[in-house]
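I have placed the structure first, in the form of structure tokens, so that the comments after it can refer back to it.
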Amino acid sequence: MPQTKHPANQAQILTSVALTPLAPRPLAAQKGDFGHVLVVGGDRGTGGAVLLSAEAALRCGAGLVSLATRSEQVPAALARLPEVMCLGVHSANQLMTPIERASVVVVGPGLGQAAWGRSMLSAVVNARLPQVWDADALNLLARAPLALAAGSIITPHPGEAARLLGISTEAVQADRAGAARKLARKYAVICVLKGAGTLVADPAGQLALCNRGHPAMAGAGLGDVLSGVLGALLAQGMSGWDAACLGVWLHACAGERLGMHGRGLAASDLVPAIRHLLEEHSACQV
């Protein structure tokens, strides 16, 4: 667990030596030992978001990854990610069986706020298993208070955080630590408040700061990658706090490495870099 204190807001600084590692895998390991991540999202026009999330979950070590999305997205998903089990869903009822098979749900990437997205979220919110809520799942949460499952993580950017708290984005940015802590308490989850100096907060008020990253990370899809990373770490048995701290650090450090090449960083570029960093930090076999 991170220990270094930040004098300005008493946040723990995320560093490689202080982060909880993933345990090495035994020689007899099999896929069922490392969880099953279900990624839910990808309404019409936003199918790429769920593919980024699913790919990140796969590359960060989840034993199984499933994708529930619009039927129109399935051919592209199968072509890009043949290792991921893809299902076209039209209603909440069709999502019940995939949820029963999962150990972690990632919901929100490309979900949209129309009827289809609302239907998918209605099924997810009733599942009593750890979840990662991102993007439009958070925008829908701001419109209708819902109780999230224990051990879950929310990943708002400042605009989403403002909607969840009923304040302005400027107010969130003026007191990022306070906003992160309020969200963690309000929803009884781990909150990852994204942005320059990403913060991780828990309902008890514990706070961690990631001071890594690069301006080249200001682009579409990077949050979708982070949600998949967090889902994979949860699926492999990490607590919400440890998964959030490690996932945020991996994501930021990967962006920092790649950002040294300049502008034009694509979200998919991060996935192999995160995989390499994860192995450096938590070797699969020792």
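All residue names refer to the structure tokens as shown: chains lettered A, B, ... in order, residues numbered from 1 in each chain, ligands numbered from 1 in order.
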- Distance query Ala204 of chain A at most 10 Å, only C-alpha atoms, self and fewer than 5 positions along chain excluded, as number ranges by chain: A: 181, 184-185, 188-190
- Message: Need to verify the contact set: segment 155-166 of chain A, 9 Å, only C-alpha atoms, exclusion of same-chain residues closer than 4 positions in sequence. Can you return it as JSON, numbers by chain?
- Response: {"A": [132, 133, 134, 135, 136, 138, 139, 141, 142, 143, 170, 171, 172, 173, 176, 179, 180, 182, 183, 186, 190, 191, 192, 193, 194, 195, 223, 226, 227]}
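For the residues A:Thr169, A:Gln131, A:Ser239, A:Ser268, ranking by smallest atom-to-atom distance to Gly108 of chain A using only C-alpha atoms places A:Gln131 first.
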- Compile the contact shell of Asn126 of chain A as a PyMOL selection string: residues with an atom at most 9 Å away, counting only C-alpha atoms, same-chain residues fewer than 2 positions apart removed. chain A and resi 121-124+128+147-149
- Which of segment 50-228 of chain A fall in strand (DSSP E), as an NGL selection string: :A and (64-69 or 85-88 or 104-107 or 131-133 or 153-154 or 190-193 or 199-201 or 207-209)
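Non-sequential neighbours of segment 218-221 of chain A (distance at most 6 Å, separation of 3 or more positions within a chain, only C-alpha atoms) are A:Pro215, A:Asp224, A:Ala267.
Close contacts of Ser282 of chain A, defined as residues with an atom at most 9 Å away when counting only C-alpha atoms, with chain neighbours fewer than 6 positions off set aside, comprise A:Thr20, A:Pro21, A:Leu22, A:Ala23, A:Pro24.
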- Near Leu234 of chain A, counting only C-alpha atoms, which residues have an atom at most 8 Å away, once you skip same-chain residues fewer than 6 positions from it, shown as a PyMOL selection string? chain A and resi 104+130+240+243
So that I have them on file, write out the residues from the current selection with N, CA, C and O atoms, as a CSV table (one decimal), in the first residue's frame.
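What ended up in result38.csv:
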chain,number,residue,atom,x,y,z
A,104,VAL,N,-16.2,-9.9,-12.5
A,104,VAL,CA,-16.1,-8.5,-12.5
A,104,VAL,C,-16.8,-7.9,-13.7
A,104,VAL,O,-16.7,-8.6,-14.8
A,130,PRO,N,-18.0,-7.1,-7.9
A,130,PRO,CA,-17.3,-5.9,-8.1
A,130,PRO,C,-17.4,-5.4,-9.5
A,130,PRO,O,-17.4,-6.1,-10.5
A,240,GLY,N,-10.3,-3.3,-4.2
A,240,GLY,CA,-10.6,-2.2,-5.0
A,240,GLY,C,-9.5,-1.1,-4.9
A,240,GLY,O,-9.1,-0.5,-5.8
A,243,ALA,N,-6.2,-2.3,-6.5
A,243,ALA,CA,-6.4,-2.3,-8.0
A,243,ALA,C,-6.4,-0.9,-8.6
A,243,ALA,O,-5.7,-0.7,-9.6
- Task: From segment 215-259 of chain A, collect each residue whose DSSP state is helix (DSSP H, G or I) and return the set as a ChimeraX atom specification.
- Result: /A:215-217,222-235,240-259
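Taking atom CA of Trp241 of chain A and atom CA of Ala28 of chain A as the two end points, the separation is 28.1 Å.
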- Task: Can you pull out every residue within 10 Å of His90 of chain A, counting only C-alpha atoms, but drop anything in the same chain fewer than 5 positions away, and send it as a ChimeraX atom specification?
- Result: /A:68-71,95,116-117,119-120
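Atom pair atom CA of Leu78 of chain A / atom CA of Ala273 of chain A: separated by 22.8 Å.
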- Message: Just to confirm, what's the straight-line distance from atom CA of Glu279 of chain A to atom CA of Pro26 of chain A in Å (one decimal)?
- Response: 15.2 Å
- Item | Of the listed residues A:Val74, A:Leu87, A:Ala216, A:Leu38, that which approaches Glu100 of chain A most closely, counting only C-alpha atoms | A:Leu38
